[in-house]
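Next up, query.csv (CSV, C-alpha atoms):
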chain,number,residue,atom,x,y,z
U,785,MET,CA,-5.0,3.4,-23.2
U,786,GLY,CA,-6.0,6.9,-22.1
U,787,SER,CA,-5.1,6.3,-18.5
U,788,SER,CA,-1.6,5.0,-19.6
U,789,TRP,CA,-0.8,8.3,-21.2
U,790,LYS,CA,-1.9,10.1,-18.0
U,791,VAL,CA,0.5,7.9,-16.0
U,792,LEU,CA,3.3,8.8,-18.3
U,793,GLN,CA,2.5,12.5,-17.9
U,794,LEU,CA,2.3,12.3,-14.1
U,795,ALA,CA,5.6,10.4,-14.1
U,796,ASP,CA,7.3,13.0,-16.3
U,797,SER,CA,10.1,14.7,-14.4
U,798,GLY,CA,8.9,18.0,-15.8
U,799,PHE,CA,5.4,17.7,-14.3
U,800,PRO,CA,5.2,20.8,-12.0
U,801,THR,CA,4.2,19.5,-8.7
U,802,GLY,CA,7.1,20.8,-6.6
U,803,GLY,CA,8.3,17.3,-5.6
U,804,PHE,CA,11.9,18.2,-6.4
U,805,ALA,CA,11.9,20.8,-3.7
U,806,HIS,CA,11.9,18.0,-1.1
U,807,SER,CA,14.6,15.5,-0.3
U,808,GLY,CA,12.6,13.1,1.9
U,809,GLY,CA,15.0,13.6,4.8
U,810,LEU,CA,18.1,12.9,2.7
U,811,GLU,CA,19.6,16.4,3.2
U,812,ALA,CA,19.4,16.0,7.0
U,813,ALA,CA,20.8,12.5,6.8
U,814,VAL,CA,23.8,13.8,4.7
U,815,GLN,CA,24.6,16.6,7.1
U,816,ALA,CA,24.3,14.1,10.0
U,817,GLY,CA,26.9,12.0,8.4
U,818,GLU,CA,24.6,9.0,7.8
U,819,VAL,CA,24.8,9.2,4.0
U,820,ARG,CA,28.2,9.8,2.4
U,821,GLY,CA,28.1,7.9,-0.8
U,822,ALA,CA,26.3,5.3,-2.9
U,823,PRO,CA,26.3,2.5,-0.3
U,824,GLU,CA,24.6,4.6,2.3
U,825,LEU,CA,22.3,6.1,-0.3
U,826,ARG,CA,21.2,2.6,-1.3
U,827,ARG,CA,20.4,1.9,2.3
U,828,PHE,CA,18.6,5.2,2.7
U,829,THR,CA,16.4,4.7,-0.4
U,830,ARG,CA,15.6,1.2,0.8
U,831,GLU,CA,14.3,2.5,4.1
U,832,LEU,CA,12.5,5.3,2.4
U,833,LEU,CA,10.6,3.0,0.1
U,834,TRP,CA,9.5,0.7,2.9
U,835,GLN,CA,8.4,3.8,4.7
U,836,ALA,CA,6.3,4.8,1.7
U,837,GLY,CA,4.9,1.3,1.4
U,838,HIS,CA,3.7,1.1,5.0
U,839,GLY,CA,3.1,4.8,5.7
U,840,ALA,CA,1.6,6.1,2.4
U,841,LEU,CA,0.2,3.3,0.3
U,842,PRO,CA,-2.6,2.4,2.8
U,843,LEU,CA,-3.8,6.0,2.7
U,844,LEU,CA,-3.4,6.2,-1.1
U,845,SER,CA,-5.2,3.0,-1.7
U,846,ALA,CA,-8.1,3.8,0.6
U,847,ALA,CA,-8.6,7.2,-1.1
U,848,HIS,CA,-8.4,5.5,-4.5
U,849,ARG,CA,-11.1,3.0,-3.6
U,850,GLU,CA,-13.4,5.5,-1.9
U,851,PRO,CA,-12.6,9.1,-2.9
U,852,SER,CA,-15.6,10.2,-0.8
U,853,ARG,CA,-13.6,9.3,2.3
U,854,LEU,CA,-10.9,11.9,1.5
U,855,PRO,CA,-11.7,14.2,4.5
U,856,GLU,CA,-11.5,11.2,6.9
U,857,LEU,CA,-8.3,10.0,5.3
U,858,ASP,CA,-6.7,13.4,5.3
U,859,ALA,CA,-7.4,13.7,9.1
U,860,ARG,CA,-5.9,10.2,9.6
U,861,ALA,CA,-2.7,11.4,7.8
U,862,ASP,CA,-2.7,14.6,9.9
U,863,ALA,CA,-2.7,12.5,13.1
U,864,PHE,CA,-0.2,9.9,11.8
U,865,LEU,CA,2.5,12.3,10.7
U,866,THR,CA,4.0,13.3,14.0
U,867,SER,CA,7.2,14.8,12.6
U,868,HIS,CA,6.5,18.5,12.0
U,869,VAL,CA,8.8,18.4,8.9
U,870,ALA,CA,7.1,15.4,7.3
U,871,HIS,CA,3.7,16.8,8.2
U,872,ARG,CA,4.5,20.1,6.5
U,873,ALA,CA,6.0,18.5,3.5
U,874,SER,CA,3.0,16.2,3.1
U,875,ARG,CA,0.6,19.1,3.1
U,876,THR,CA,2.8,21.2,0.7
U,877,GLN,CA,3.2,18.4,-1.8
U,878,GLY,CA,-0.4,17.3,-1.6
U,879,ARG,CA,-1.7,20.8,-2.3
U,880,ALA,CA,0.8,21.3,-5.1
U,881,PHE,CA,-0.1,18.0,-6.7
U,882,LEU,CA,-3.9,18.7,-6.4
U,883,ASP,CA,-3.6,22.3,-7.7
U,884,THR,CA,-1.4,21.3,-10.7
U,885,CYS,CA,-3.6,18.4,-11.7
U,886,ALA,CA,-6.7,20.6,-11.4
U,887,ARG,CA,-5.1,23.1,-13.8
U,888,ILE,CA,-4.0,20.5,-16.3
U,889,PHE,CA,-7.0,18.2,-16.0
U,890,PRO,CA,-9.8,20.6,-15.0
U,891,GLY,CA,-12.6,18.3,-16.0
U,892,PRO,CA,-12.0,15.3,-13.8
U,893,VAL,CA,-9.9,17.0,-11.0
U,894,GLY,CA,-11.4,20.5,-10.7
U,895,PRO,CA,-14.4,19.4,-8.8
U,896,LEU,CA,-12.2,17.4,-6.4
U,897,ARG,CA,-10.1,20.4,-5.6
U,898,GLU,CA,-13.2,22.6,-5.0
U,899,SER,CA,-14.7,20.0,-2.6
U,900,ALA,CA,-11.4,19.6,-0.8
U,901,ARG,CA,-11.1,23.3,-0.4
U,902,ALA,CA,-14.7,23.6,0.9
U,903,ALA,CA,-14.0,20.8,3.4
U,904,GLY,CA,-11.0,22.7,4.7
U,905,LEU,CA,-8.6,19.7,4.2
U,906,GLY,CA,-5.0,19.7,5.1
U,907,PHE,CA,-4.2,18.3,1.6
U,908,HIS,CA,-1.9,15.5,2.8
U,909,HIS,CA,-0.1,14.0,-0.1
U,910,ALA,CA,-0.9,10.3,0.1
U,911,PRO,CA,-4.7,10.4,0.3
U,912,VAL,CA,-4.8,13.4,-2.2
U,913,PHE,CA,-2.7,11.4,-4.6
U,914,GLY,CA,-5.0,8.4,-4.4
U,915,ALA,CA,-8.1,10.5,-4.9
U,916,VAL,CA,-6.6,12.4,-7.9
U,917,VAL,CA,-5.4,9.4,-9.8
U,918,ARG,CA,-8.8,7.8,-9.3
U,919,ALA,CA,-10.4,10.9,-10.8
U,920,LEU,CA,-8.0,10.4,-13.7
U,921,GLU,CA,-9.1,6.8,-14.1
U,922,VAL,CA,-5.7,5.4,-13.3
U,923,GLU,CA,-5.9,1.9,-11.9
U,924,LEU,CA,-5.0,1.3,-8.3
U,925,SER,CA,-2.0,-0.9,-9.1
U,926,GLU,CA,-0.6,1.7,-11.5
U,927,ALA,CA,-1.2,4.4,-8.9
U,928,GLN,CA,0.7,2.5,-6.2
U,929,ARG,CA,3.6,1.7,-8.6
U,930,LEU,CA,3.7,5.4,-9.7
U,931,HIS,CA,3.9,6.7,-6.1
U,932,LEU,CA,6.8,4.4,-5.2
U,933,SER,CA,8.6,5.2,-8.4
U,934,LEU,CA,8.2,9.0,-7.8
U,935,THR,CA,9.4,8.5,-4.2
U,936,LEU,CA,12.6,6.8,-5.4
U,937,ARG,CA,13.2,9.2,-8.2
U,938,GLY,CA,12.8,12.2,-5.9
U,939,ALA,CA,15.4,10.9,-3.4
U,940,LEU,CA,17.9,10.1,-6.1
U,941,SER,CA,17.4,13.4,-7.8
U,942,ALA,CA,18.1,15.1,-4.4
U,943,ALA,CA,21.2,12.9,-4.1
U,944,VAL,CA,22.6,14.2,-7.4
U,945,ARG,CA,22.0,17.9,-6.4
U,946,LEU,CA,23.6,17.2,-3.0
U,947,GLY,CA,26.7,15.9,-4.8
U,948,ILE,CA,26.4,12.4,-3.3
U,949,VAL,CA,26.3,10.6,-6.7
U,950,GLY,CA,26.4,11.6,-10.3
U,951,THR,CA,23.5,11.4,-12.8
U,952,HIS,CA,24.7,8.1,-14.4
U,953,GLU,CA,25.2,6.5,-11.0
U,954,SER,CA,21.8,7.7,-9.8
U,955,HIS,CA,20.1,6.0,-12.8
U,956,GLN,CA,22.1,2.8,-12.1
U,957,LEU,CA,20.8,2.9,-8.5
U,958,GLN,CA,17.3,3.4,-9.8
U,959,HIS,CA,17.6,0.4,-12.1
U,960,GLN,CA,19.1,-1.7,-9.3
U,961,ALA,CA,16.2,-0.9,-7.1
U,962,THR,CA,13.7,-2.5,-9.4
U,963,PRO,CA,13.5,-5.8,-7.3
U,964,LEU,CA,13.1,-3.7,-4.2
U,965,LEU,CA,10.2,-1.7,-5.7
U,966,ASP,CA,8.5,-5.0,-6.7
U,967,ALA,CA,9.0,-6.3,-3.2
U,968,VAL,CA,7.5,-3.3,-1.5
U,969,LEU,CA,4.6,-3.3,-3.9
U,970,GLU,CA,3.9,-7.0,-3.3
U,971,ARG,CA,4.1,-6.6,0.5
U,972,CYS,CA,2.2,-3.3,0.8
U,973,ALA,CA,-0.2,-3.0,-2.0
U,974,GLY,CA,-3.0,-4.8,-0.1
U,975,LEU,CA,-2.4,-3.1,3.3
U,976,GLY,CA,-5.4,-1.5,4.9
U,977,LEU,CA,-5.5,1.5,7.2
U,978,GLU,CA,-5.2,-0.7,10.3
U,979,ALA,CA,-1.6,-1.6,9.0
U,980,LEU,CA,-0.5,2.0,8.7
U,981,ALA,CA,2.9,2.1,10.3
U,982,GLN,CA,6.3,3.9,10.6
U,983,PRO,CA,8.9,1.1,9.9
U,984,SER,CA,11.9,3.4,9.9
U,985,PRO,CA,11.9,5.7,13.0
U,986,LEU,CA,15.5,6.7,12.5
U,987,LEU,CA,14.8,8.1,9.0
U,988,ASP,CA,11.9,10.0,10.5
U,989,LEU,CA,14.0,11.4,13.3
U,990,LEU,CA,16.7,12.5,10.9
U,991,GLY,CA,14.2,14.2,8.7
U,992,SER,CA,12.7,16.1,11.7
U,993,THR,CA,16.0,17.9,12.2
U,994,HIS,CA,15.8,19.6,8.8
U,995,ASP,CA,14.7,22.9,10.1
U,996,ARG,CA,17.7,23.1,12.4
U,997,LEU,CA,20.3,22.6,9.6
U,998,TYR,CA,22.7,25.5,9.2
U,999,SER,CA,22.3,25.6,5.5
U,1000,ARG,CA,19.5,24.0,3.4
U,1001,LEU,CA,19.0,23.3,-0.2
U,1002,PHE,CA,15.6,21.7,0.1
U,1003,LEU,CA,12.3,22.5,1.9
U,1004,SER,CA,12.4,19.1,3.7
Would you give me this structure, written as structure tokens?
Amino acid sequence: MGSSWKVLQLADSGFPTGGFAHSGGLEAAVQAGEVRGAPELRRFTRELLWQAGHGALPLLSAAHREPSRLPELDARADAFLTSHVAHRASRTQGRAFLDTCARIFPGPVGPLRESARAAGLGFHHAPVFGAVVRALEVELSEAQRLHLSLTLRGALSAAVRLGIVGTHESHQLQHQATPLLDAVLERCAGLGLEALAQPSPLLDLLGSTHDRLYSRLFLS
């Protein structure tokens, strides 16, 4: 039961990890004219979730199973993320997540942060997320589900702030995405590092243009 309460706390929109400073490439897609309303947003979130399933869950899962491999997995993420925007966002979010969890759960997560700092890690989000939730005794299946849910919620929250949809419509889209979340989890939960992939190159290319946008609301 204790880990269930931790999952709820990590899933809380007020949990201060800085995730809402990032749009996951949505802001760039909007300014490029690829996302104009709910239909395009639905397509964007579908691609984003499959991207997370194939490009983040294998790293998260490996770190959860063997936290001692975090330096190796962090280096793998560093090489895998070729887009400079995605690379920077991953490191920023990973460091924020680790630091926040170490402050709130100093007993289980504090030693992990100290060892990560000593090893000079890049703090990439997916492997750090896996190692942290393992330290918090959250089961792997719940950790995978939580990561996908946070990915979806972050994109829909960004859509509201960008004026693409309203709050009620964003929650409708989140509810309608439940079968998709289940499908991604079923397909990707057991993937190993050899299956690490980039299934949506267009989404990655759009996101990589973020630094060249004339005006920006988000960091990525």
TODO: Determine, counting only C-alpha atoms, every residue of protein, DNA or RNA that lies within 6 Å of (-14.5, 13.7, -13.5) in the file coordinates, then give the result as a ChimeraX atom specification.
DONE: /U:891-892,919
- [ ] Skip stretch 872-886 of chain U itself and residues of its chain fewer than 5 positions away, then list as number ranges by chain all residues within 9 Å of it, counting only C-alpha atoms.
- [x] U: 794, 799-803, 806, 808, 861-862, 865, 867, 891-897, 906-913, 916, 1003-1004
Expected file contents, prior selection, C-alpha atoms, as a PDB file, keeping the file's coordinate frame:
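After the write, again01.pdb holds the following:
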ATOM      1  CA  LEU U 794       2.300  12.300 -14.100  1.00  0.00           C
ATOM      2  CA  PHE U 799       5.400  17.700 -14.300  1.00  0.00           C
ATOM      3  CA  PRO U 800       5.200  20.800 -12.000  1.00  0.00           C
ATOM      4  CA  THR U 801       4.200  19.500  -8.700  1.00  0.00           C
ATOM      5  CA  GLY U 802       7.100  20.800  -6.600  1.00  0.00           C
ATOM      6  CA  GLY U 803       8.300  17.300  -5.600  1.00  0.00           C
ATOM      7  CA  HIS U 806      11.900  18.000  -1.100  1.00  0.00           C
ATOM      8  CA  GLY U 808      12.600  13.100   1.900  1.00  0.00           C
ATOM      9  CA  ALA U 861      -2.700  11.400   7.800  1.00  0.00           C
ATOM     10  CA  ASP U 862      -2.700  14.600   9.900  1.00  0.00           C
ATOM     11  CA  LEU U 865       2.500  12.300  10.700  1.00  0.00           C
ATOM     12  CA  SER U 867       7.200  14.800  12.600  1.00  0.00           C
ATOM     13  CA  GLY U 891     -12.600  18.300 -16.000  1.00  0.00           C
ATOM     14  CA  PRO U 892     -12.000  15.300 -13.800  1.00  0.00           C
ATOM     15  CA  VAL U 893      -9.900  17.000 -11.000  1.00  0.00           C
ATOM     16  CA  GLY U 894     -11.400  20.500 -10.700  1.00  0.00           C
ATOM     17  CA  PRO U 895     -14.400  19.400  -8.800  1.00  0.00           C
ATOM     18  CA  LEU U 896     -12.200  17.400  -6.400  1.00  0.00           C
ATOM     19  CA  ARG U 897     -10.100  20.400  -5.600  1.00  0.00           C
ATOM     20  CA  GLY U 906      -5.000  19.700   5.100  1.00  0.00           C
ATOM     21  CA  PHE U 907      -4.200  18.300   1.600  1.00  0.00           C
ATOM     22  CA  HIS U 908      -1.900  15.500   2.800  1.00  0.00           C
ATOM     23  CA  HIS U 909      -0.100  14.000  -0.100  1.00  0.00           C
ATOM     24  CA  ALA U 910      -0.900  10.300   0.100  1.00  0.00           C
ATOM     25  CA  PRO U 911      -4.700  10.400   0.300  1.00  0.00           C
ATOM     26  CA  VAL U 912      -4.800  13.400  -2.200  1.00  0.00           C
ATOM     27  CA  PHE U 913      -2.700  11.400  -4.600  1.00  0.00           C
ATOM     28  CA  VAL U 916      -6.600  12.400  -7.900  1.00  0.00           C
ATOM     29  CA  LEU U1003      12.300  22.500   1.900  1.00  0.00           C
ATOM     30  CA  SER U1004      12.400  19.100   3.700  1.00  0.00           C
TER      31      SER U1004
END
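The smallest atom-to-atom distance between U:Ala846 and any of U:Gly914, U:Gly950, U:Gly991, U:Pro963, using all atoms listed in the file, is found for U:Gly914.
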Open item on the list: Given only C-alpha atoms as the basis, pick out the residue of U:Gln960, U:Thr993, U:Gln928, U:Gln982 nearest to U:Leu810.
Closed with: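 Nearest candidate to U:Leu810 out of U:Gln960, U:Thr993, U:Gln928, U:Gln982: U:Thr993.
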Closest pair table for stretch 806-900 of chain U residues within 9 Å of stretch 936-941 of chain U, only C-alpha atoms, as a Markdown table:
| residue | atom | partner | partner_atom | distance |
| --- | --- | --- | --- | --- |
| U:His806 | CA | U:Gly938 | CA | 7.6 |
| U:Ser807 | CA | U:Ala939 | CA | 5.6 |
| U:Gly808 | CA | U:Ala939 | CA | 6.4 |
| U:Gly809 | CA | U:Ala939 | CA | 8.6 |
| U:Leu810 | CA | U:Ala939 | CA | 7.0 |
| U:Leu825 | CA | U:Leu940 | CA | 8.3 |
| U:Phe828 | CA | U:Ala939 | CA | 8.9 |
| U:Thr829 | CA | U:Leu936 | CA | 6.6 |
| U:Arg830 | CA | U:Leu936 | CA | 8.9 |
| U:Leu832 | CA | U:Leu936 | CA | 7.9 |
| U:Leu833 | CA | U:Leu936 | CA | 7.0 |
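For the residues U:Ala915, U:Ala870, U:Leu843, U:Leu997, ranking by smallest atom-to-atom distance to U:Ala979 using only C-alpha atoms places U:Leu843 first.
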- [ ] Determine, counting only C-alpha atoms, which protein, DNA and RNA residues have an atom within 10 Å of an atom of stretch 815-823 of chain U; residues of the same chain fewer than 5 positions away are not included. Present the result as number ranges by chain.
- [x] U: 810, 828, 943, 947-950, 953-954, 957, 987, 990, 993-994, 997-1000
Task: Which residue of U:Glu926, U:Glu811, U:Asp988, U:Asp995 approaches U:Ala973 most closely, using all atoms listed in the file - done: U:Glu926
TODO: Could you please determine the separation between atom CA of U:Arg929 and atom CA of U:Leu969 in Å, to one decimal place?
DONE: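 One can read the atom CA of U:Arg929 to atom CA of U:Leu969 distance as 6.9 Å.
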Task: Using all atoms listed in the file: which of U:Leu975, U:Leu930, U:Ala859, U:Ala967 has the shortest distance to U:Leu841 - done: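 When distances to U:Leu841 are compared using all atoms listed in the file, the smallest one comes from U:Leu975.
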TODO: Would you mind reading off the distance between atom CA of U:Thr951 and atom CA of U:His838, one decimal, in Å?
DONE: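 Atom CA of U:Thr951 sits 28.5 Å away from atom CA of U:His838.
The two atoms in question, atom CA of U:His959 and atom CA of U:Val922, are spaced 23.9 Å apart.
Between U:Leu932 and the candidates U:Leu986, U:Cys972, U:Val869, U:Ala805, the tightest atom-to-atom separation, counting all atoms listed in the file, involves U:Cys972.
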